Amino acid sequence: MGVVILLVMAAGVAAMLTRKLPTAFALVILAVVIAFVAGAPLTGENSVIDTVLQEGAPALAATMIAIVLGSWLGKLLEETGVAATLVRKIVEFGGDRPVVVALGVLAVSALVGTVTGSAPAAMLAGLIGIPAMIAVGIPKVTAAGTILMGIAVGIPFELPLWQFFSTALELPVPTVRGFMVKLFPFALVAAVLYVFVESRRRGVEHTWSLKSVADKRRSPSRRQRLGDAPWYALLTPAVPLILALGFELAIIPSLLAGVLYALVTTTRPREMNKRLLRTLYGGFEVAAPPIALFIAIGILLAAVKLPGAVEALEPLVKAVSPQNAVLFVGVFTLLVPLCLYRGPLNVFGLGAGIAGVLISAGIYPAAVVLGMATSYNQVFGVADPTSTQTVWAAQYAGVSPQQVMVRTLPYVWAVALGGLCVTAATYL
């Protein structure tokens, strides 16, 4: 039975890789098939309908709420011009020094990455940041990669992500937060190295050869026409982080505080009501795709945790899972590419199911699986040519996602190695 379940999982990966089915749909179908193969009844206890579908769908509800609030805050940063102002100030400070401009955009991307992930984060920092970097001579691929590497620096402090790993892996938020803090230095060092090495290795490209991209920068946005956001509003991305990390406030209240701070510092009282509703509805549009994905992940987690599935998969997974710390680091570092292209170790796909099996079968403690999943997520968030932020940043810079993957993968692979080393040293 275990072999059959693995074959079903392989078929699910193939369906996602070939884009025969959207990821969320594929995961739900995969979950139902796994449940039936594991011998689950149609209804009742540990069943397909009552356990997998009914209980699994809302299992990550706290994460979905956090995603909505993060998207809401992201829409406020966009509409009020906070993100655009941060980028413009950095560009003005950097002048015609390419590396300084790139490092500044990297910092802004990291700040935005703590608020919201995926394409919205790339757009907030990249709409102005990418043309600005190219205009001062940063190569196109490096410019796109800088945005993505910056977002990866912010990922360890992305509050909705904390909530996701806490709920999915059944770990307390302080445990997730503690590991994310340890992962952050690796992401930061890799991102800074990327800017220095890639910008110098490829040299400066003159703006006269990049007229089409530079022209995008000269089209004034609504926020540019209205002026910059107030200086104190620029602290908005840091507010939720300070509350959650510094004062250990719960994730949802921290995000709500960020929303209120952004609103109060940028909006006149008579306009607050309209802006609140407009940005909230816009946030729901941004949050809809990840919410659908998290519903599917919850269903998949419920399926792989069924007693029949755990009993069938435990001996197979245990046989190939190294327990020695050195082997653990070596094997799972070599498997890093399997989180790309929606592969089986992508935590926002089939990787969530594998994580559930590793924990429910008692092969690894939940904290070890946390270290693996978060380390792989650093790779997926930057180098996966199928992720929305990578596709957007590459296309906006005028290059292919595959080019960005080739340039960024060595750096984020090193981040994953660092995270796996910390995991082995701390929990194995």
# chains A, B, ... in the order shown; residues from 1 in each chain; ligands from 1

call {"tool": "residues_around", "arguments": {"residues": "Gly95 in chain A", "least_positions_apart": "3", "cutoff": "12 Å", "atoms": "only C-alpha atoms", "output": "PyMOL selection string"}}
result
chain A and resi 88-92+98-102+104+132-133+135-137

call {"tool": "residues_around", "arguments": {"residues": "Ile295 in chain A", "least_positions_apart": "5", "cutoff": "8 Å", "atoms": "only C-alpha atoms", "output": "ChimeraX atom specification"}}
result
/A:24,56-60

call {"tool": "write_last_selection", "arguments": {"atoms": "N, CA and C atoms", "output": "CSV table (one decimal), in the first residue's frame"}}
result
chain,number,residue,atom,x,y,z
A,24,ALA,N,-3.3,23.7,-6.3
A,24,ALA,CA,-4.4,23.5,-5.3
A,24,ALA,C,-5.3,22.3,-5.6
A,56,GLY,N,-10.0,18.9,7.3
A,56,GLY,CA,-8.8,19.4,6.7
A,56,GLY,C,-8.8,20.8,6.1
A,57,ALA,N,-10.0,21.1,5.4
A,57,ALA,CA,-10.1,22.4,4.7
A,57,ALA,C,-9.8,23.6,5.6
A,58,PRO,N,-10.4,23.7,6.9
A,58,PRO,CA,-10.2,24.8,7.7
A,58,PRO,C,-9.0,24.7,8.7
A,59,ALA,N,-8.2,23.6,8.5
A,59,ALA,CA,-7.1,23.3,9.5
A,59,ALA,C,-6.1,24.5,9.6
A,60,LEU,N,-5.9,25.2,8.5
A,60,LEU,CA,-4.9,26.3,8.5
A,60,LEU,C,-5.7,27.6,8.5

call {"tool": "atom_distance", "arguments": {"atom1": "CA of Thr279 in chain A", "atom2": "CA of Leu73 in chain A"}}
result
8.1 Å

call {"tool": "select_by_dssp", "arguments": {"residues": "range 235-386 of chain A", "states": "helix (DSSP H, G or I)", "output": "count of residues only"}}
result
118

call {"tool": "residues_around", "arguments": {"residues": "Met372 in chain A", "least_positions_apart": "2", "cutoff": "10 Å", "atoms": "only C-alpha atoms", "output": "list in words"}}
result
Phe328, Val329, Phe332, Thr333, Val336, Leu345, Val347, Ala355, Ala366, Ala367, Val368, Val369, Leu370, Thr374, Ser375, Tyr376, Asn377, Ala416, Leu417, Gly419, Leu420, Cys421, Val422, Thr423 and Ala424 of chain A
